[in-house]
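Please read the structure below before turning to the comments.
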Amino acid sequence: MGGTSVRITKRFIDQAQPSAKPAFMWDSELRGFGLRIEPTGTKTFVLRYRLRHLGPTGPKRFFTIGRYGPLTVDQAREQARAVLGAVSMGQDPAAKLAKDKAEQTFSATVETFLTEHVRKKRKPATSADYESLLRSYAIPEFGRRKLTEVARGDVAKLHSKLSEKPYQANRLVAVIGSLYSFAEARGMVPEHFNPARRIEKFKEDRRERFLSMVELERLGAAIVEGETVGILWPVDGIKLMSKHAPKCENRVTLLTPEAAAALRLLIFTGARLREILDLRWDYVDVQRGLLLLPDSKTGRKTIVLNSAAQAVLTSLPHTSAFVIPGKTLDKPRSDLKKPWGLVSARAGLKGVRLHDLRHTFASVGAGSSLGLPIVGKLLGHSQPQTTARYAHLDADPLRRASELIGDQLATAMRGRRAAIPTGKPPSDSDV
């Protein structure tokens, strides 16, 4: 690439005029340092060099230093010397710059990760959770950075910001770690480069709420009331005094048979909400008393039906492919928020979630000394440690152990007293 060789100074650059084509001016003092003048008048400092190992006949490399204006001549010349110094050490700054430009930003990688990995290999709920965490917290923090520009300290700082939301903070670190594992497998980052590793997680206080037998009795009565005479939904005291307040008979809400059945099935099976709402009649094996779910949170799953659950299923009409149909028969019911809010309030179950019905099922099983492996099988747990959270409720093994130790101690104490080492009879001070 040709060009004029001159002493590049501020005065020269200011006087240089653009032409119809890009023109190059090469510095007469620092070899390879030059100025590119665009037809638009833009003036940019450049550098050309050859790699040492290729010799004087090797191809020339071109490196853009920066625009004149933001950069002065002296600053550009100094940067050119630094680049030439790197070249003399056997480096190739132009290739490194091209590689850096080719590297995806964190934000762009998130889109690739969600499209090519998460949505294809994770369940919809998990996929939505990943996307929400990345878009809400990670992208605002790291979105414009290159993948390798995010350090462990940056992820740790973001994790610390969410200290008031320990579960979300820990989950976010896990998702970022999964993203970098994906990037490593695709060759986007060097091997073992993962800034989410070795970040100490926050302690999570698992919320365990089990309904007592008294609470279950109230809940059962509320469901019966809701599906027979209806439940009076509450109205704010001030609004109740208004002349436009609805009459009592207009504030009564009836539970549909399907909603009542769904609540009972959650109680009697310990199933997850979507496992009941998405349940199809094709999955129900009446003869063997089983629900054969082709897919669940932990994959294929079989739910063993007790007689109470079977009675609920028997009472329902087959009006749809779904056991609990929605507003249109070709789709399942979307949620149970309103029915649960109604009956839980009526039963006085403040702060109790639908998922606590699953915990209650497990607590009854553990408290009945059925054994944690059996309870885990009924719940469909894939890992024993998931069921271990109910271990403190399995009181029978502890009671048996305590009885065994107590019997041996009592037997020893009822036996003849051991001899006193001194050989003298016991006195009051020995007691």
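We name chains A, B, ... following the order of the structure tokens; residues begin at 1 in each chain, and ligands are numbered from 1 as shown.
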
Please provide as a short mmCIF file (atom, residue, chain, number, x, y, z; two decimals) with all heavy atoms, in the first residue's frame all residues within 9 Å of Lys10 in chain A, with the sequence filter that same-chain residues fewer than 5 positions apart are discarded (counting only C-alpha atoms).
```
data_model
loop_
_atom_site.label_atom_id
_atom_site.label_comp_id
_atom_site.auth_asym_id
_atom_site.auth_seq_id
_atom_site.Cartn_x
_atom_site.Cartn_y
_atom_site.Cartn_z
N GLN A 15 -3.40 20.62 8.10
CA GLN A 15 -3.39 21.17 6.73
C GLN A 15 -3.72 20.13 5.66
O GLN A 15 -4.07 20.50 4.55
CB GLN A 15 -2.01 21.79 6.44
CG GLN A 15 -1.71 23.03 7.26
CD GLN A 15 -0.33 23.59 6.99
OE1 GLN A 15 0.51 22.95 6.32
NE2 GLN A 15 -0.06 24.82 7.49
N THR A 72 -3.75 12.76 20.29
CA THR A 72 -2.79 13.71 19.73
C THR A 72 -1.72 12.94 18.96
O THR A 72 -1.64 11.69 19.07
CB THR A 72 -2.11 14.51 20.84
OG1 THR A 72 -1.31 13.61 21.64
CG2 THR A 72 -3.14 15.19 21.74
N VAL A 73 -0.89 13.65 18.22
CA VAL A 73 0.18 12.99 17.46
C VAL A 73 1.15 12.30 18.41
O VAL A 73 1.56 11.15 18.18
CB VAL A 73 0.95 14.02 16.60
CG1 VAL A 73 2.09 13.33 15.83
CG2 VAL A 73 0.02 14.72 15.64
#
```

Skip range 185-201 of chain A itself and residues of its chain fewer than 4 positions away, then list as a ChimeraX atom specification all residues within 6 Å of it, counting only C-alpha atoms.
-> /A:151-152,170,173,177,180

Determine, counting only C-alpha atoms, which protein, DNA and RNA residues have an atom within 12 Å of an atom of Lys203 in chain A; residues of the same chain fewer than 5 positions away are not included. Present the result as a PyMOL selection string.
-> chain A and resi 163-170

Can you list, as number ranges by chain, all residues belonging to range 17-265 of chain A that DSSP tags as strand (DSSP E or B)?
-> A: 23-27, 33-37, 43-50, 60-68, 71, 105, 146, 231-232, 252-253

Which value, in Å to one decimal, gives the distance between CA of Phe268 in chain A and CA of Pro294 in chain A?
->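 Pair CA of Phe268 in chain A / CA of Pro294 in chain A returns 20.3 Å.
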
Polymer residues at most 12 Å from Arg288 in chain A, only C-alpha atoms, same-chain spacing of 6 or more positions, as a ChimeraX atom specification = /A:302-307,310

Go ahead and save the picked residues with N, CA, C and O atoms, as a PDB file, in the first residue's frame.
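Printed below is result.pdb as written:
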```
ATOM      1  N   THR A 302     -44.234 -42.066  38.377  1.00  0.00           N
ATOM      2  CA  THR A 302     -45.440 -42.818  38.707  1.00  0.00           C
ATOM      3  C   THR A 302     -45.920 -42.398  40.087  1.00  0.00           C
ATOM      4  O   THR A 302     -45.149 -42.414  41.051  1.00  0.00           O
ATOM      5  N   ILE A 303     -47.196 -42.019  40.175  1.00  0.00           N
ATOM      6  CA  ILE A 303     -47.798 -41.647  41.461  1.00  0.00           C
ATOM      7  C   ILE A 303     -48.754 -42.758  41.868  1.00  0.00           C
ATOM      8  O   ILE A 303     -49.657 -43.144  41.098  1.00  0.00           O
ATOM      9  N   VAL A 304     -48.527 -43.304  43.065  1.00  0.00           N
ATOM     10  CA  VAL A 304     -49.404 -44.352  43.587  1.00  0.00           C
ATOM     11  C   VAL A 304     -50.614 -43.700  44.242  1.00  0.00           C
ATOM     12  O   VAL A 304     -50.463 -42.866  45.138  1.00  0.00           O
ATOM     13  N   LEU A 305     -51.793 -44.083  43.777  1.00  0.00           N
ATOM     14  CA  LEU A 305     -53.028 -43.469  44.284  1.00  0.00           C
ATOM     15  C   LEU A 305     -53.547 -44.212  45.505  1.00  0.00           C
ATOM     16  O   LEU A 305     -53.663 -45.447  45.486  1.00  0.00           O
ATOM     17  N   ASN A 306     -53.847 -43.482  46.559  1.00  0.00           N
ATOM     18  CA  ASN A 306     -54.544 -44.083  47.695  1.00  0.00           C
ATOM     19  C   ASN A 306     -56.046 -44.048  47.409  1.00  0.00           C
ATOM     20  O   ASN A 306     -56.499 -43.466  46.411  1.00  0.00           O
ATOM     21  N   SER A 307     -56.819 -44.667  48.273  1.00  0.00           N
ATOM     22  CA  SER A 307     -58.262 -44.763  48.024  1.00  0.00           C
ATOM     23  C   SER A 307     -58.924 -43.393  48.011  1.00  0.00           C
ATOM     24  O   SER A 307     -59.887 -43.163  47.262  1.00  0.00           O
ATOM     25  N   GLN A 310     -58.279 -41.902  44.638  1.00  0.00           N
ATOM     26  CA  GLN A 310     -59.062 -42.616  43.630  1.00  0.00           C
ATOM     27  C   GLN A 310     -60.528 -42.204  43.673  1.00  0.00           C
ATOM     28  O   GLN A 310     -61.177 -42.087  42.632  1.00  0.00           O
TER      29      GLN A 310
END
```

Identify, on the basis of only C-alpha atoms, every residue whose closest approach to Leu291 in chain A does not exceed 12 Å; exclude the query and any residue fewer than 5 positions from it along the same chain; express the result as a count of residues only.
-> 28

As a PDB file with N, CA and C atoms, in the first residue's frame, please: the residues near Glu111 in chain A (cut-off 12 Å, only C-alpha atoms, same-chain neighbours under 3 positions excluded).
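See out-v7.pdb below for the written result:
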```pdb
ATOM      1  N   GLN A 104     -17.800 -12.594  21.547  1.00  0.00           N
ATOM      2  CA  GLN A 104     -19.153 -12.121  21.815  1.00  0.00           C
ATOM      3  C   GLN A 104     -19.223 -11.378  23.143  1.00  0.00           C
ATOM      4  N   THR A 105     -20.165 -10.469  23.219  1.00  0.00           N
ATOM      5  CA  THR A 105     -20.433  -9.806  24.489  1.00  0.00           C
ATOM      6  C   THR A 105     -21.218 -10.761  25.379  1.00  0.00           C
ATOM      7  N   PHE A 106     -21.279 -10.448  26.654  1.00  0.00           N
ATOM      8  CA  PHE A 106     -22.041 -11.255  27.601  1.00  0.00           C
ATOM      9  C   PHE A 106     -23.508 -11.317  27.172  1.00  0.00           C
ATOM     10  N   SER A 107     -24.052 -10.167  26.778  1.00  0.00           N
ATOM     11  CA  SER A 107     -25.458 -10.102  26.370  1.00  0.00           C
ATOM     12  C   SER A 107     -25.741 -10.995  25.175  1.00  0.00           C
ATOM     13  N   ALA A 108     -24.860 -10.949  24.153  1.00  0.00           N
ATOM     14  CA  ALA A 108     -25.061 -11.772  22.962  1.00  0.00           C
ATOM     15  C   ALA A 108     -24.955 -13.259  23.303  1.00  0.00           C
ATOM     16  N   LEU A 114     -29.618 -19.139  25.694  1.00  0.00           N
ATOM     17  CA  LEU A 114     -31.051 -19.402  25.869  1.00  0.00           C
ATOM     18  C   LEU A 114     -31.634 -20.126  24.659  1.00  0.00           C
ATOM     19  N   THR A 115     -31.239 -19.695  23.467  1.00  0.00           N
ATOM     20  CA  THR A 115     -31.815 -20.249  22.238  1.00  0.00           C
ATOM     21  C   THR A 115     -31.317 -21.658  21.942  1.00  0.00           C
ATOM     22  N   GLU A 116     -30.014 -21.862  22.059  1.00  0.00           N
ATOM     23  CA  GLU A 116     -29.421 -23.120  21.615  1.00  0.00           C
ATOM     24  C   GLU A 116     -29.257 -24.163  22.715  1.00  0.00           C
ATOM     25  N   HIS A 117     -29.427 -23.757  23.950  1.00  0.00           N
ATOM     26  CA  HIS A 117     -29.218 -24.718  25.043  1.00  0.00           C
ATOM     27  C   HIS A 117     -30.411 -24.808  25.994  1.00  0.00           C
ATOM     28  N   VAL A 118     -30.734 -23.693  26.637  1.00  0.00           N
ATOM     29  CA  VAL A 118     -31.729 -23.729  27.711  1.00  0.00           C
ATOM     30  C   VAL A 118     -33.106 -24.147  27.201  1.00  0.00           C
ATOM     31  N   ARG A 119     -33.585 -23.477  26.148  1.00  0.00           N
ATOM     32  CA  ARG A 119     -34.946 -23.764  25.671  1.00  0.00           C
ATOM     33  C   ARG A 119     -35.068 -25.141  25.042  1.00  0.00           C
ATOM     34  N   TYR A 130     -34.312 -19.297  34.264  1.00  0.00           N
ATOM     35  CA  TYR A 130     -32.994 -18.894  33.763  1.00  0.00           C
ATOM     36  C   TYR A 130     -33.070 -17.518  33.098  1.00  0.00           C
ATOM     37  N   GLU A 131     -34.024 -17.377  32.203  1.00  0.00           N
ATOM     38  CA  GLU A 131     -34.135 -16.144  31.425  1.00  0.00           C
ATOM     39  C   GLU A 131     -34.425 -14.953  32.330  1.00  0.00           C
ATOM     40  N   LEU A 134     -31.197 -13.943  34.290  1.00  0.00           N
ATOM     41  CA  LEU A 134     -30.168 -13.348  33.438  1.00  0.00           C
ATOM     42  C   LEU A 134     -30.566 -11.954  32.972  1.00  0.00           C
ATOM     43  N   ARG A 135     -31.826 -11.798  32.584  1.00  0.00           N
ATOM     44  CA  ARG A 135     -32.279 -10.491  32.077  1.00  0.00           C
ATOM     45  C   ARG A 135     -32.461  -9.471  33.211  1.00  0.00           C
ATOM     46  N   ILE A 139     -27.533  -9.321  32.827  1.00  0.00           N
ATOM     47  CA  ILE A 139     -27.342  -8.478  31.640  1.00  0.00           C
ATOM     48  C   ILE A 139     -27.182  -7.002  32.005  1.00  0.00           C
ATOM     49  N   GLY A 143     -23.794  -6.890  30.546  1.00  0.00           N
ATOM     50  CA  GLY A 143     -24.252  -7.030  29.164  1.00  0.00           C
ATOM     51  C   GLY A 143     -23.279  -6.600  28.086  1.00  0.00           C
ATOM     52  N   LEU A 179     -23.954 -20.859  32.108  1.00  0.00           N
ATOM     53  CA  LEU A 179     -23.700 -20.112  30.868  1.00  0.00           C
ATOM     54  C   LEU A 179     -22.229 -20.222  30.461  1.00  0.00           C
ATOM     55  N   ALA A 183     -20.369 -21.770  27.229  1.00  0.00           N
ATOM     56  CA  ALA A 183     -19.425 -21.006  26.414  1.00  0.00           C
ATOM     57  C   ALA A 183     -18.095 -21.746  26.267  1.00  0.00           C
TER      58      ALA A 183
END
```

If we count only C-alpha atoms, what is near range 336-349 of chain A at a cut-off of 9 Å, once residues fewer than 4 positions away on the same chain are taken out, given as a PyMOL selection string?
-> chain A and resi 211+215-223+225-226+231-233+253+255-256+259-260+262-263+273+277+353-354
